[in-house]
file start.pdb (PDB, N, CA and C atoms)
MODEL        1
ATOM      1  N   MET A  18      45.847-142.745  84.432
ATOM      2  CA  MET A  18      46.440-143.303  83.238
ATOM      3  C   MET A  18      47.436-142.331  82.606
ATOM      4  N   ARG A  19      47.122-141.012  82.687
ATOM      5  CA  ARG A  19      48.038-140.053  82.067
ATOM      6  C   ARG A  19      49.378-140.027  82.795
ATOM      7  N   TYR A  20      49.378-140.322  84.095
ATOM      8  CA  TYR A  20      50.637-140.345  84.827
ATOM      9  C   TYR A  20      51.506-141.525  84.395
ATOM     10  N   ILE A  21      50.882-142.640  84.140
ATOM     11  CA  ILE A  21      51.617-143.824  83.702
ATOM     12  C   ILE A  21      52.219-143.610  82.326
ATOM     13  N   ILE A  22      51.428-143.067  81.403
ATOM     14  CA  ILE A  22      51.915-142.818  80.046
ATOM     15  C   ILE A  22      53.016-141.765  80.068
ATOM     16  N   THR A  23      52.823-140.719  80.866
ATOM     17  CA  THR A  23      53.850-139.679  80.965
ATOM     18  C   THR A  23      55.147-140.257  81.506
ATOM     19  N   PHE A  24      55.059-141.053  82.570
ATOM     20  CA  PHE A  24      56.277-141.633  83.122
ATOM     21  C   PHE A  24      56.936-142.591  82.135
ATOM     22  N   PHE A  25      56.140-143.356  81.401
ATOM     23  CA  PHE A  25      56.695-144.282  80.414
ATOM     24  C   PHE A  25      57.544-143.540  79.387
ATOM     25  N   TRP A  26      56.988-142.466  78.819
ATOM     26  CA  TRP A  26      57.719-141.727  77.784
ATOM     27  C   TRP A  26      58.913-140.978  78.368
ATOM     28  N   VAL A  27      58.763-140.426  79.536
ATOM     29  CA  VAL A  27      59.894-139.751  80.173
ATOM     30  C   VAL A  27      60.994-140.757  80.486
ATOM     31  N   PHE A  28      60.611-141.947  80.925
ATOM     32  CA  PHE A  28      61.587-142.996  81.221
ATOM     33  C   PHE A  28      62.368-143.379  79.965
ATOM     34  N   ILE A  29      61.654-143.591  78.866
ATOM     35  CA  ILE A  29      62.316-143.959  77.602
ATOM     36  C   ILE A  29      63.262-142.844  77.153
ATOM     37  N   LEU A  30      62.786-141.596  77.162
ATOM     38  CA  LEU A  30      63.614-140.479  76.706
ATOM     39  C   LEU A  30      64.795-140.223  77.639
ATOM     40  N   ALA A  31      64.618-140.411  78.925
ATOM     41  CA  ALA A  31      65.732-140.223  79.862
ATOM     42  C   ALA A  31      66.793-141.310  79.671
ATOM     43  N   GLN A  32      66.372-142.527  79.431
ATOM     44  CA  GLN A  32      67.331-143.601  79.183
ATOM     45  C   GLN A  32      68.108-143.350  77.884
ATOM     46  N   MET A  33      67.395-142.867  76.868
ATOM     47  CA  MET A  33      68.075-142.566  75.603
ATOM     48  C   MET A  33      69.082-141.438  75.785
ATOM     49  N   SER A  34      68.710-140.395  76.516
ATOM     50  CA  SER A  34      69.638-139.285  76.712
ATOM     51  C   SER A  34      70.822-139.702  77.589
ATOM     52  N   ALA A  35      70.595-140.553  78.567
ATOM     53  CA  ALA A  35      71.701-141.052  79.387
ATOM     54  C   ALA A  35      72.665-141.887  78.550
ATOM     55  N   TYR A  36      72.136-142.683  77.652
ATOM     56  CA  TYR A  36      72.990-143.502  76.777
ATOM     57  C   TYR A  36      73.812-142.627  75.833
ATOM     58  N   VAL A  37      73.149-141.631  75.226
ATOM     59  CA  VAL A  37      73.857-140.750  74.289
ATOM     60  C   VAL A  37      74.904-139.925  75.024
ATOM     61  N   ALA A  38      74.563-139.405  76.186
ATOM     62  CA  ALA A  38      75.526-138.612  76.951
ATOM     63  C   ALA A  38      76.734-139.461  77.353
ATOM     64  N   ALA A  39      76.489-140.689  77.754
ATOM     65  CA  ALA A  39      77.602-141.578  78.119
ATOM     66  C   ALA A  39      78.461-141.898  76.900
ATOM     67  N   SER A  40      77.828-142.052  75.753
ATOM     68  CA  SER A  40      78.590-142.336  74.537
ATOM     69  C   SER A  40      79.435-141.140  74.115
ATOM     70  N   VAL A  41      78.899-139.952  74.259
ATOM     71  CA  VAL A  41      79.618-138.753  73.843
ATOM     72  C   VAL A  41      80.867-138.532  74.696
ATOM     73  N   ILE A  42      80.763-138.761  75.982
ATOM     74  CA  ILE A  42      81.930-138.536  76.851
ATOM     75  C   ILE A  42      82.746-139.815  77.066
ATOM     76  N   ALA A  43      82.411-140.869  76.332
ATOM     77  CA  ALA A  43      83.140-142.142  76.381
ATOM     78  C   ALA A  43      83.129-142.748  77.775
ATOM     79  N   ALA A  44      81.987-142.667  78.446
ATOM     80  CA  ALA A  44      81.830-143.268  79.771
ATOM     81  C   ALA A  44      80.942-144.504  79.637
ATOM     82  N   THR A  45      80.769-145.215  80.731
ATOM     83  CA  THR A  45      79.893-146.380  80.703
ATOM     84  C   THR A  45      78.447-145.936  80.916
ATOM     85  N   TYR A  46      77.538-146.641  80.289
ATOM     86  CA  TYR A  46      76.106-146.351  80.415
ATOM     87  C   TYR A  46      75.629-146.781  81.789
ATOM     88  N   ASP A  47      74.916-145.897  82.481
ATOM     89  CA  ASP A  47      74.435-146.161  83.832
ATOM     90  C   ASP A  47      72.905-146.122  83.833
ATOM     91  N   PHE A  48      72.293-147.294  83.945
ATOM     92  CA  PHE A  48      70.839-147.405  83.946
ATOM     93  C   PHE A  48      70.225-146.677  85.139
ATOM     94  N   THR A  49      70.880-146.730  86.273
ATOM     95  CA  THR A  49      70.369-146.095  87.493
ATOM     96  C   THR A  49      70.281-144.581  87.332
ATOM     97  N   MET A  50      71.282-143.972  86.732
ATOM     98  CA  MET A  50      71.268-142.518  86.547
ATOM     99  C   MET A  50      70.129-142.118  85.612
ATOM    100  N   GLY A  51      69.874-142.898  84.583
ATOM    101  CA  GLY A  51      68.750-142.620  83.692
ATOM    102  C   GLY A  51      67.414-142.744  84.400
ATOM    103  N   THR A  52      67.307-143.702  85.293
ATOM    104  CA  THR A  52      66.071-143.887  86.050
ATOM    105  C   THR A  52      65.854-142.744  87.038
ATOM    106  N   ILE A  53      66.906-142.322  87.719
ATOM    107  CA  ILE A  53      66.794-141.192  88.642
ATOM    108  C   ILE A  53      66.403-139.933  87.884
ATOM    109  N   MET A  54      66.998-139.748  86.713
ATOM    110  CA  MET A  54      66.664-138.600  85.880
ATOM    111  C   MET A  54      65.197-138.649  85.453
ATOM    112  N   ALA A  55      64.705-139.827  85.101
ATOM    113  CA  ALA A  55      63.311-139.982  84.678
ATOM    114  C   ALA A  55      62.346-139.668  85.813
ATOM    115  N   VAL A  56      62.656-140.113  87.011
ATOM    116  CA  VAL A  56      61.786-139.837  88.159
ATOM    117  C   VAL A  56      61.773-138.345  88.465
ATOM    118  N   ALA A  57      62.937-137.708  88.432
ATOM    119  CA  ALA A  57      63.012-136.274  88.732
ATOM    120  C   ALA A  57      62.264-135.448  87.688
ATOM    121  N   ILE A  58      62.420-135.780  86.427
ATOM    122  CA  ILE A  58      61.726-135.048  85.361
ATOM    123  C   ILE A  58      60.226-135.284  85.447
ATOM    124  N   SER A  59      59.817-136.504  85.748
ATOM    125  CA  SER A  59      58.384-136.801  85.873
ATOM    126  C   SER A  59      57.750-136.002  87.009
ATOM    127  N   ILE A  60      58.424-135.933  88.140
ATOM    128  CA  ILE A  60      57.900-135.160  89.267
ATOM    129  C   ILE A  60      57.781-133.688  88.883
ATOM    130  N   ALA A  61      58.774-133.170  88.179
ATOM    131  CA  ALA A  61      58.722-131.775  87.737
ATOM    132  C   ALA A  61      57.559-131.546  86.787
ATOM    133  N   ILE A  62      57.319-132.471  85.873
ATOM    134  CA  ILE A  62      56.205-132.345  84.930
ATOM    135  C   ILE A  62      54.872-132.426  85.658
ATOM    136  N   PHE A  63      54.775-133.284  86.661
ATOM    137  CA  PHE A  63      53.518-133.411  87.407
ATOM    138  C   PHE A  63      53.250-132.184  88.279
ATOM    139  N   LEU A  64      54.295-131.484  88.700
ATOM    140  CA  LEU A  64      54.125-130.321  89.559
ATOM    141  C   LEU A  64      53.817-129.032  88.797
ATOM    142  N   ILE A  65      54.136-128.979  87.525
ATOM    143  CA  ILE A  65      53.919-127.757  86.749
ATOM    144  C   ILE A  65      52.456-127.309  86.778
ATOM    145  N   PRO A  66      51.463-128.173  86.512
ATOM    146  CA  PRO A  66      50.070-127.695  86.567
ATOM    147  C   PRO A  66      49.623-127.275  87.964
ATOM    148  N   VAL A  67      50.186-127.892  88.987
ATOM    149  CA  VAL A  67      49.813-127.550  90.356
ATOM    150  C   VAL A  67      50.318-126.153  90.710
ATOM    151  N   LEU A  68      51.501-125.805  90.242
ATOM    152  CA  LEU A  68      52.115-124.527  90.589
ATOM    153  C   LEU A  68      51.626-123.363  89.728
ATOM    154  N   MET A  69      51.027-123.650  88.587
ATOM    155  CA  MET A  69      50.538-122.576  87.718
ATOM    156  C   MET A  69      49.279-121.955  88.309
ATOM    157  N   PRO A  70      49.099-120.650  88.120
ATOM    158  CA  PRO A  70      47.890-120.008  88.656
ATOM    159  C   PRO A  70      46.649-120.465  87.885
ATOM    160  N   LYS A  71      45.562-120.545  88.597
ATOM    161  CA  LYS A  71      44.310-120.930  87.965
ATOM    162  C   LYS A  71      43.773-119.748  87.169
ATOM    163  N   GLU A  72      42.808-119.994  86.309
ATOM    164  CA  GLU A  72      42.253-118.952  85.452
ATOM    165  C   GLU A  72      41.665-117.810  86.269
ATOM    166  N   SER A  73      41.027-118.108  87.387
ATOM    167  CA  SER A  73      40.405-117.072  88.205
ATOM    168  C   SER A  73      41.442-116.245  88.978
ATOM    169  N   GLU A  74      42.651-116.747  89.095
ATOM    170  CA  GLU A  74      43.682-116.028  89.827
ATOM    171  C   GLU A  74      44.512-115.109  88.949
ATOM    172  N   THR A  75      44.315-115.154  87.639
ATOM    173  CA  THR A  75      45.096-114.286  86.757
ATOM    174  C   THR A  75      44.539-112.874  86.823
ATOM    175  N   TYR A  76      45.406-111.914  86.590
ATOM    176  CA  TYR A  76      45.021-110.524  86.713
ATOM    177  C   TYR A  76      44.891-109.898  85.323
ATOM    178  N   ASP A  77      43.944-109.018  85.172
ATOM    179  CA  ASP A  77      43.731-108.325  83.921
ATOM    180  C   ASP A  77      44.662-107.096  83.908
ATOM    181  N   ILE A  78      45.459-106.977  82.875
ATOM    182  CA  ILE A  78      46.470-105.927  82.822
ATOM    183  C   ILE A  78      45.900-104.622  82.244
ATOM    184  N   ARG A  79      44.711-104.634  81.738
ATOM    185  CA  ARG A  79      44.133-103.419  81.123
ATOM    186  C   ARG A  79      44.108-102.250  82.006
TER
ENDMDL
END

call {"tool": "encode", "arguments": {"input": "start.pdb", "output": "structure tokens"}}
result
Amino acid sequence: MRYIITFFWVFILAQMSAYVAASVIAATYDFTMGTIMAVAISIAIFLIPVLMPKESETYDIR
């Protein structure tokens, strides 16, 4: 369920940023580019916890 909610919000925010960016540069709004951006950002967000070291793998600096 958390993946669905995360993708939903990333999709909404990516579409909004694509619309604003297109408006700022006076280009046409491209729904496909916003969707590709949402998928790429979602994959990056899902990979962050996988790539982070686990608690037992951290080193004590003392």

call {"tool": "atom_distance", "arguments": {"input": "start.pdb", "atom1": "atom N of Val27 in chain A", "atom2": "atom C of Ala55 in chain A"}}
result
7.3 Å

call {"tool": "atom_distance", "arguments": {"input": "start.pdb", "atom1": "CA of Ala38 in chain A", "atom2": "atom N of Ile21 in chain A"}}
result
26.0 Å

call {"tool": "residues_around", "arguments": {"input": "start.pdb", "residues": "Val56 in chain A", "least_positions_apart": "3", "cutoff": "8 Å", "atoms": "all atoms listed in the file", "output": "JSON, numbers by chain"}}
result
{"A": [24, 27, 28, 31, 50, 51, 52, 53, 59, 60, 61, 62]}

call {"tool": "atom_distance", "arguments": {"input": "start.pdb", "atom1": "atom N of Tyr46 in chain A", "atom2": "atom C of Leu30 in chain A"}}
result
14.5 Å

call {"tool": "select_by_dssp", "arguments": {"input": "start.pdb", "residues": "chain A", "states": "alpha helix (DSSP H)", "output": "ChimeraX atom specification"}}
result
/A:19-41,48-68

call {"tool": "write_last_selection", "arguments": {"input": "start.pdb", "atoms": "N, CA and C atoms", "output": "CSV table (one decimal), keeping the file's coordinate frame"}}
result
chain,number,residue,atom,x,y,z
A,19,ARG,N,47.1,-141.0,82.7
A,19,ARG,CA,48.0,-140.1,82.1
A,19,ARG,C,49.4,-140.0,82.8
A,20,TYR,N,49.4,-140.3,84.1
A,20,TYR,CA,50.6,-140.3,84.8
A,20,TYR,C,51.5,-141.5,84.4
A,21,ILE,N,50.9,-142.6,84.1
A,21,ILE,CA,51.6,-143.8,83.7
A,21,ILE,C,52.2,-143.6,82.3
A,22,ILE,N,51.4,-143.1,81.4
A,22,ILE,CA,51.9,-142.8,80.0
A,22,ILE,C,53.0,-141.8,80.1
A,23,THR,N,52.8,-140.7,80.9
A,23,THR,CA,53.8,-139.7,81.0
A,23,THR,C,55.1,-140.3,81.5
A,24,PHE,N,55.1,-141.1,82.6
A,24,PHE,CA,56.3,-141.6,83.1
A,24,PHE,C,56.9,-142.6,82.1
A,25,PHE,N,56.1,-143.4,81.4
A,25,PHE,CA,56.7,-144.3,80.4
A,25,PHE,C,57.5,-143.5,79.4
A,26,TRP,N,57.0,-142.5,78.8
A,26,TRP,CA,57.7,-141.7,77.8
A,26,TRP,C,58.9,-141.0,78.4
A,27,VAL,N,58.8,-140.4,79.5
A,27,VAL,CA,59.9,-139.8,80.2
A,27,VAL,C,61.0,-140.8,80.5
A,28,PHE,N,60.6,-141.9,80.9
A,28,PHE,CA,61.6,-143.0,81.2
A,28,PHE,C,62.4,-143.4,80.0
A,29,ILE,N,61.7,-143.6,78.9
A,29,ILE,CA,62.3,-144.0,77.6
A,29,ILE,C,63.3,-142.8,77.2
A,30,LEU,N,62.8,-141.6,77.2
A,30,LEU,CA,63.6,-140.5,76.7
A,30,LEU,C,64.8,-140.2,77.6
A,31,ALA,N,64.6,-140.4,78.9
A,31,ALA,CA,65.7,-140.2,79.9
A,31,ALA,C,66.8,-141.3,79.7
A,32,GLN,N,66.4,-142.5,79.4
A,32,GLN,CA,67.3,-143.6,79.2
A,32,GLN,C,68.1,-143.4,77.9
A,33,MET,N,67.4,-142.9,76.9
A,33,MET,CA,68.1,-142.6,75.6
A,33,MET,C,69.1,-141.4,75.8
A,34,SER,N,68.7,-140.4,76.5
A,34,SER,CA,69.6,-139.3,76.7
A,34,SER,C,70.8,-139.7,77.6
A,35,ALA,N,70.6,-140.6,78.6
A,35,ALA,CA,71.7,-141.1,79.4
A,35,ALA,C,72.7,-141.9,78.6
A,36,TYR,N,72.1,-142.7,77.7
A,36,TYR,CA,73.0,-143.5,76.8
A,36,TYR,C,73.8,-142.6,75.8
A,37,VAL,N,73.1,-141.6,75.2
A,37,VAL,CA,73.9,-140.8,74.3
A,37,VAL,C,74.9,-139.9,75.0
A,38,ALA,N,74.6,-139.4,76.2
A,38,ALA,CA,75.5,-138.6,77.0
A,38,ALA,C,76.7,-139.5,77.4
A,39,ALA,N,76.5,-140.7,77.8
A,39,ALA,CA,77.6,-141.6,78.1
A,39,ALA,C,78.5,-141.9,76.9
A,40,SER,N,77.8,-142.1,75.8
A,40,SER,CA,78.6,-142.3,74.5
A,40,SER,C,79.4,-141.1,74.1
A,41,VAL,N,78.9,-140.0,74.3
A,41,VAL,CA,79.6,-138.8,73.8
A,41,VAL,C,80.9,-138.5,74.7
A,48,PHE,N,72.3,-147.3,83.9
A,48,PHE,CA,70.8,-147.4,83.9
A,48,PHE,C,70.2,-146.7,85.1
A,49,THR,N,70.9,-146.7,86.3
A,49,THR,CA,70.4,-146.1,87.5
A,49,THR,C,70.3,-144.6,87.3
A,50,MET,N,71.3,-144.0,86.7
A,50,MET,CA,71.3,-142.5,86.5
A,50,MET,C,70.1,-142.1,85.6
A,51,GLY,N,69.9,-142.9,84.6
A,51,GLY,CA,68.8,-142.6,83.7
A,51,GLY,C,67.4,-142.7,84.4
A,52,THR,N,67.3,-143.7,85.3
A,52,THR,CA,66.1,-143.9,86.0
A,52,THR,C,65.9,-142.7,87.0
A,53,ILE,N,66.9,-142.3,87.7
A,53,ILE,CA,66.8,-141.2,88.6
A,53,ILE,C,66.4,-139.9,87.9
A,54,MET,N,67.0,-139.7,86.7
A,54,MET,CA,66.7,-138.6,85.9
A,54,MET,C,65.2,-138.6,85.5
A,55,ALA,N,64.7,-139.8,85.1
A,55,ALA,CA,63.3,-140.0,84.7
A,55,ALA,C,62.3,-139.7,85.8
A,56,VAL,N,62.7,-140.1,87.0
A,56,VAL,CA,61.8,-139.8,88.2
A,56,VAL,C,61.8,-138.3,88.5
A,57,ALA,N,62.9,-137.7,88.4
A,57,ALA,CA,63.0,-136.3,88.7
A,57,ALA,C,62.3,-135.4,87.7
A,58,ILE,N,62.4,-135.8,86.4
A,58,ILE,CA,61.7,-135.0,85.4
A,58,ILE,C,60.2,-135.3,85.4
A,59,SER,N,59.8,-136.5,85.7
A,59,SER,CA,58.4,-136.8,85.9
A,59,SER,C,57.8,-136.0,87.0
A,60,ILE,N,58.4,-135.9,88.1
A,60,ILE,CA,57.9,-135.2,89.3
A,60,ILE,C,57.8,-133.7,88.9
A,61,ALA,N,58.8,-133.2,88.2
A,61,ALA,CA,58.7,-131.8,87.7
A,61,ALA,C,57.6,-131.5,86.8
A,62,ILE,N,57.3,-132.5,85.9
A,62,ILE,CA,56.2,-132.3,84.9
A,62,ILE,C,54.9,-132.4,85.7
A,63,PHE,N,54.8,-133.3,86.7
A,63,PHE,CA,53.5,-133.4,87.4
A,63,PHE,C,53.2,-132.2,88.3
A,64,LEU,N,54.3,-131.5,88.7
A,64,LEU,CA,54.1,-130.3,89.6
A,64,LEU,C,53.8,-129.0,88.8
A,65,ILE,N,54.1,-129.0,87.5
A,65,ILE,CA,53.9,-127.8,86.7
A,65,ILE,C,52.5,-127.3,86.8
A,66,PRO,N,51.5,-128.2,86.5
A,66,PRO,CA,50.1,-127.7,86.6
A,66,PRO,C,49.6,-127.3,88.0
A,67,VAL,N,50.2,-127.9,89.0
A,67,VAL,CA,49.8,-127.6,90.4
A,67,VAL,C,50.3,-126.2,90.7
A,68,LEU,N,51.5,-125.8,90.2
A,68,LEU,CA,52.1,-124.5,90.6
A,68,LEU,C,51.6,-123.4,89.7

call {"tool": "axis_aligned_box", "arguments": {"input": "start.pdb", "around": "range 18-34 of chain A", "padding_each_side": "3 Å", "output": "lines of an AutoDock Vina configuration file"}}
result
center_x = 58.3
center_y = -141.8
center_z = 80.2
size_x = 31.0
size_y = 11.0
size_z = 15.2
